[in-house]
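Visitor: The following block contains the structure, expressed as structure tokens.
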Amino acid sequence: MVGGVEEHLTVGRVARLAGVSVRTLHHYDEIGLVRPSARTGSGYRAYAAGDVERLREVLAFRRLGFGLREIADLVDDPATDAVARLHRLRGLLLGQRDRAAAMVSAIDSELEARAMGIRTTPEEQLTVFGAQLYEVIGSAYPATRRTEPRIAARVWDALGDARTVLNVGAGTGSYEPPDREVTAVEPSAVMRAQRPAGAAPCVAADAESLPFEDQSFDAAMAFSTVHHWRDPIAGLREMRRVARRVVVFTHDGSDAAWRDRFWLTRDYLPEVSGLVADWPSLAELTRAIGGRAEPVLIPWDCADGFFEAHWRRPEAYLDETVRRAVSVWTRVGPEAEERAVTGLREDLSSGRWAERNRDLLALDAAELGLRLLVA
């Protein structure tokens with residue numbers, strides 16, 4: 001504000017500051033994506049503070065790879081405000097950072113191998129460019145990631161009378177109902193390659209852009225995959241678009257209490273809190289599908305080796321095979337992993353873990369923030 005009058009920036013200045021061409025800004029104006037709210041005395045476009053804020057969001061989503069039509073839907077979403085969109089952008093950028101970190105780690109491994117005169121195979125070289133975190137951890141899945149029948153029963157019951165089911169982020173096919181007509185969607189070639197013979201047909205696609213017509217399926221399901229999506233809210237809305245019923249197994253990272261309920265994050269791996277800092281809240285996830293959230297307890301002998309599964313079997317976390325099949329360990333980085341594993345090993349040996357967590361030994365199931373979203 002200058003003298004009580006809002007100051008505007010010329011289109012040329014905005015272009016220079018944003019690092020885009022004037023032609024790009026003209027195009028955004030013409031399609032209604034970012035329209036400057038004023039004109040100069042000479043008739044040129046002029047941008048107010050609100051215009052610039054919108055442009056910033058548009059450019060951020062654009063540089064994350066979103067199309068202009070997708071961006072228009074995101075910035076015009078009536079259910080979000082500027083702060084919510086900034087949190088969403090930050091979460092997307094952190095996800096991009098994690099994927100870049102995985103690539104850097106792969107490149108470092110190859111450089112180390114070459115320094116020792118070892119040539120990596122063509123397959124190993126290509127994994128550097130895998131777009132999904134599953135490309136790094138996916139090969140460990142068959143050993144420890146299996147369908148837990150008690151949780152599967154909850155998911156399948158929530159599908160109701162659906163005969164046709166879309167499984168989004170399907171991975172190797174765990175939790176796909178055997179008595180329904182299932183179509184799978186999985187972006188990772190590593191995971192698709194591990195689907196067993198006779199598994200449902202699988203399409204290579206992303207959750208945020210499902211290649212199906214509106215209401216193509218009776219139900220859409222997603223199991224323990226939403227946290228890997230580039231944009232969880234967009235993916236959930238896509239599920240709602242293509243199916244009349246939606247069932248999602250996920251985690252409530254917005255509940256601060258869960259960090260203290262699970263001893264692994266509380267005592268050994270506090271970095272997990274940073275991984276979910278910008279994760280959409282449970283309310284936002286539920287609102288995206290217009291449904292409700294139900295708690296899911298984890299049985300003490302859970303067959304599926306997801307992150308929280310071994311809450312009463314702490315020795316399992318010392319096993320490299322168990323950790324490699326859980327994305328959390330890759331995302332926190334090797335230093336945090338080594339520190340956590342060393343601390344846990346020492347506490348198990350000394351009896352300190354048992355002393356701290358003696359109450360757990362009497363439980364058959366634990367509530368650790370896992371949720372089933374149903375719409």
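So you can find residues: chains in the structure tokens are A, B, ... in the order shown, residues in each start at 1, and ligands are numbered from 1 in order.
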Which residues are near Leu344 (chain A)? Cut-off 9 Å, only C-alpha atoms, ignore same chain within fewer than 3 positions. Put them as a compact mmCIF listing (two decimals) with C-alpha atoms, in the first residue's frame.
Guide:
```txt
# COMPACT_ATOMS: atom_id res chain seq x y z
CA LEU A 264 9.56 -46.82 17.86
CA ASP A 267 12.07 -43.42 21.64
CA TYR A 268 14.16 -44.22 18.57
CA PRO A 314 10.61 -55.33 18.56
CA GLU A 315 13.37 -57.73 17.48
CA TYR A 317 13.08 -54.08 13.47
CA LEU A 318 16.68 -55.27 13.78
CA ARG A 339 21.12 -44.70 15.29
CA ALA A 340 17.61 -46.10 15.85
CA VAL A 341 18.61 -49.71 15.24
CA ASP A 347 17.81 -51.56 24.92
CA LEU A 348 16.61 -55.06 24.03
CA SER A 349 19.88 -56.52 25.28
CA TRP A 353 12.84 -51.86 26.20
```
Visitor: Write out as an MDAnalysis selection string which residues come within 10 Å of Leu59 (chain A) when counting only C-alpha atoms, dropping same-chain ones fewer than 6 positions away.
Guide: chainID A and resid 18:20 65:66 68 71
Visitor: With a distance cut-off of 9 Å and only C-alpha atoms, select the neighbouring residues of Ala222 (chain A), excluding the residue or stretch itself and same-chain residues fewer than 5 positions from it, and output the selection as JSON, numbers by chain.
Guide: {"A": [166, 167, 168, 169, 170, 239, 246, 247, 248, 249, 250]}
Visitor: Have a look at CA of Asp278 (chain A) and CA of Arg85 (chain A) and let me know their distance in Å, one decimal.
Guide: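 Between CA of Asp278 (chain A) and CA of Arg85 (chain A) the gap works out to 10.6 Å.
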Visitor: List as number ranges by chain the protein and nucleic acid residues near Ala205 (chain A), meaning an atom at most 10 Å away when only C-alpha atoms are counted, but skip any in the same chain fewer than 5 places from it.
Guide: A: 168-169, 184-188, 210-211
Visitor: As a list in words, please: the residues near region 173-178 of chain A (cut-off 7 Å, only C-alpha atoms, same-chain neighbours under 4 positions excluded).
Guide: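 Once the nearby chain positions are removed, what remains is Arg146, Thr147, Ala152, Trp156, Arg195 and Ala199 of chain A.
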Visitor: I need the chosen residues saved as a short mmCIF file (atom, residue, chain, number, x, y, z; two decimals), in the first residue's frame, with all heavy atoms.
Guide:
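Printed below is part-v7.cif as written:
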```
data_model
loop_
_atom_site.label_atom_id
_atom_site.label_comp_id
_atom_site.auth_asym_id
_atom_site.auth_seq_id
_atom_site.Cartn_x
_atom_site.Cartn_y
_atom_site.Cartn_z
N ARG A 146 2.71 -59.16 3.32
CA ARG A 146 1.67 -60.12 2.95
C ARG A 146 0.33 -59.64 3.47
O ARG A 146 0.25 -58.83 4.40
CB ARG A 146 2.00 -61.50 3.52
CG ARG A 146 3.30 -62.09 2.98
CD ARG A 146 3.59 -63.46 3.60
NE ARG A 146 3.90 -63.35 5.02
CZ ARG A 146 5.12 -63.11 5.50
NH1 ARG A 146 6.13 -62.92 4.66
NH2 ARG A 146 5.33 -63.04 6.80
N THR A 147 -0.73 -60.17 2.92
CA THR A 147 -2.08 -59.79 3.34
C THR A 147 -2.33 -60.25 4.78
O THR A 147 -2.15 -61.43 5.11
CB THR A 147 -3.13 -60.43 2.42
OG1 THR A 147 -2.93 -59.95 1.09
CG2 THR A 147 -4.53 -60.08 2.88
N ALA A 152 -7.72 -57.38 6.14
CA ALA A 152 -8.35 -57.58 4.83
C ALA A 152 -9.86 -57.72 4.97
O ALA A 152 -10.63 -57.20 4.15
CB ALA A 152 -7.76 -58.80 4.14
N TRP A 156 -12.56 -55.58 2.86
CA TRP A 156 -13.50 -56.23 1.96
C TRP A 156 -14.94 -56.01 2.41
O TRP A 156 -15.84 -55.87 1.57
CB TRP A 156 -13.17 -57.72 1.86
CG TRP A 156 -11.80 -57.97 1.28
CD1 TRP A 156 -11.03 -57.07 0.59
CD2 TRP A 156 -11.04 -59.17 1.36
NE1 TRP A 156 -9.83 -57.64 0.23
CE2 TRP A 156 -9.80 -58.93 0.68
CE3 TRP A 156 -11.25 -60.42 1.92
CZ2 TRP A 156 -8.81 -59.90 0.56
CZ3 TRP A 156 -10.28 -61.40 1.81
CH2 TRP A 156 -9.07 -61.13 1.13
N ARG A 195 3.72 -58.92 -9.29
CA ARG A 195 2.36 -59.40 -9.13
C ARG A 195 2.31 -60.87 -9.54
O ARG A 195 2.85 -61.26 -10.57
CB ARG A 195 1.39 -58.57 -9.98
CG ARG A 195 1.27 -57.13 -9.46
CD ARG A 195 0.36 -56.30 -10.34
NE ARG A 195 -1.02 -56.79 -10.33
CZ ARG A 195 -1.91 -56.53 -9.38
NH1 ARG A 195 -1.56 -55.80 -8.34
NH2 ARG A 195 -3.13 -57.01 -9.46
N ALA A 199 -3.01 -62.75 -11.10
CA ALA A 199 -3.48 -61.53 -10.41
C ALA A 199 -4.33 -60.70 -11.36
O ALA A 199 -4.33 -60.91 -12.58
CB ALA A 199 -2.28 -60.72 -9.93
#
```
Visitor: At a cut-off of 10 Å, using only C-alpha atoms, what residues contact Arg371 (chain A)? Leave out same-chain residues fewer than 6 positions from it and give the result as a PyMOL selection string.
Guide: chain A and resi 224+248-252+282+292-297
Visitor: Suppose we keep N, CA, C and O atoms; can you now write the selection as a PDB file, in the first residue's frame?
Guide:
```
ATOM      1  N   SER A 224      -2.609 -48.653   2.054  1.00  0.00           N
ATOM      2  CA  SER A 224      -1.275 -48.254   2.506  1.00  0.00           C
ATOM      3  C   SER A 224      -0.416 -47.715   1.363  1.00  0.00           C
ATOM      4  O   SER A 224       0.746 -48.076   1.211  1.00  0.00           O
ATOM      5  N   VAL A 248     -10.269 -46.628   1.747  1.00  0.00           N
ATOM      6  CA  VAL A 248      -8.841 -46.293   1.797  1.00  0.00           C
ATOM      7  C   VAL A 248      -8.271 -46.664   3.160  1.00  0.00           C
ATOM      8  O   VAL A 248      -8.790 -46.239   4.197  1.00  0.00           O
ATOM      9  N   PHE A 249      -7.198 -47.439   3.160  1.00  0.00           N
ATOM     10  CA  PHE A 249      -6.468 -47.764   4.387  1.00  0.00           C
ATOM     11  C   PHE A 249      -5.264 -46.846   4.459  1.00  0.00           C
ATOM     12  O   PHE A 249      -4.407 -46.857   3.568  1.00  0.00           O
ATOM     13  N   THR A 250      -5.198 -46.033   5.522  1.00  0.00           N
ATOM     14  CA  THR A 250      -4.125 -45.052   5.610  1.00  0.00           C
ATOM     15  C   THR A 250      -3.788 -44.774   7.067  1.00  0.00           C
ATOM     16  O   THR A 250      -4.183 -45.533   7.957  1.00  0.00           O
ATOM     17  N   HIS A 251      -3.090 -43.695   7.314  1.00  0.00           N
ATOM     18  CA  HIS A 251      -2.604 -43.364   8.651  1.00  0.00           C
ATOM     19  C   HIS A 251      -2.991 -41.941   9.014  1.00  0.00           C
ATOM     20  O   HIS A 251      -2.962 -41.041   8.169  1.00  0.00           O
ATOM     21  N   ASP A 252      -3.363 -41.750  10.249  1.00  0.00           N
ATOM     22  CA  ASP A 252      -3.691 -40.409  10.735  1.00  0.00           C
ATOM     23  C   ASP A 252      -2.436 -39.749  11.299  1.00  0.00           C
ATOM     24  O   ASP A 252      -2.151 -39.826  12.486  1.00  0.00           O
ATOM     25  N   LEU A 282      -6.350 -35.860   8.679  1.00  0.00           N
ATOM     26  CA  LEU A 282      -7.354 -36.907   8.483  1.00  0.00           C
ATOM     27  C   LEU A 282      -8.666 -36.287   8.006  1.00  0.00           C
ATOM     28  O   LEU A 282      -9.355 -36.855   7.151  1.00  0.00           O
ATOM     29  N   ARG A 292     -16.150 -41.122   5.969  1.00  0.00           N
ATOM     30  CA  ARG A 292     -15.887 -41.182   7.404  1.00  0.00           C
ATOM     31  C   ARG A 292     -14.604 -41.973   7.656  1.00  0.00           C
ATOM     32  O   ARG A 292     -14.120 -42.690   6.770  1.00  0.00           O
ATOM     33  N   ALA A 293     -14.058 -41.837   8.851  1.00  0.00           N
ATOM     34  CA  ALA A 293     -12.833 -42.543   9.221  1.00  0.00           C
ATOM     35  C   ALA A 293     -13.114 -43.490  10.376  1.00  0.00           C
ATOM     36  O   ALA A 293     -13.787 -43.131  11.339  1.00  0.00           O
ATOM     37  N   GLU A 294     -12.587 -44.714  10.268  1.00  0.00           N
ATOM     38  CA  GLU A 294     -12.757 -45.708  11.320  1.00  0.00           C
ATOM     39  C   GLU A 294     -11.384 -46.190  11.776  1.00  0.00           C
ATOM     40  O   GLU A 294     -10.511 -46.448  10.943  1.00  0.00           O
ATOM     41  N   PRO A 295     -11.151 -46.329  13.085  1.00  0.00           N
ATOM     42  CA  PRO A 295      -9.854 -46.830  13.560  1.00  0.00           C
ATOM     43  C   PRO A 295      -9.671 -48.309  13.216  1.00  0.00           C
ATOM     44  O   PRO A 295     -10.635 -49.081  13.186  1.00  0.00           O
ATOM     45  N   VAL A 296      -8.430 -48.689  12.939  1.00  0.00           N
ATOM     46  CA  VAL A 296      -8.089 -50.080  12.657  1.00  0.00           C
ATOM     47  C   VAL A 296      -7.009 -50.509  13.635  1.00  0.00           C
ATOM     48  O   VAL A 296      -5.907 -49.941  13.643  1.00  0.00           O
ATOM     49  N   LEU A 297      -7.304 -51.502  14.465  1.00  0.00           N
ATOM     50  CA  LEU A 297      -6.330 -52.002  15.426  1.00  0.00           C
ATOM     51  C   LEU A 297      -5.373 -52.966  14.729  1.00  0.00           C
ATOM     52  O   LEU A 297      -5.754 -53.694  13.803  1.00  0.00           O
TER      53      LEU A 297
END
```
Visitor: Could you tell me, as number ranges by chain, which residues of region 161-356 of chain A DSSP assigns to alpha helix (DSSP H) when given the backbone?
Guide: A: 189-193, 232-242, 257-261, 263, 272-275, 282-289, 320-324, 327-332, 334-350, 352-356
Visitor: List the spatial neighbours of region 286-290 of chain A as a list of chain:residue names - criterion: any atom at most 7 Å away, only C-alpha atoms, same-chain residues fewer than 3 positions off excluded.
Guide: A:Ile233, A:Leu236, A:Arg237, A:Arg240, A:Leu282, A:Ala283, A:Ala293, A:Leu373, A:Ala375
Visitor: Grab the CA of Ala162 (chain A) to CA of Met221 (chain A) distance for me, in Å with one decimal place.
Guide: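 That distance, rounded to one decimal, is 10.9 Å.
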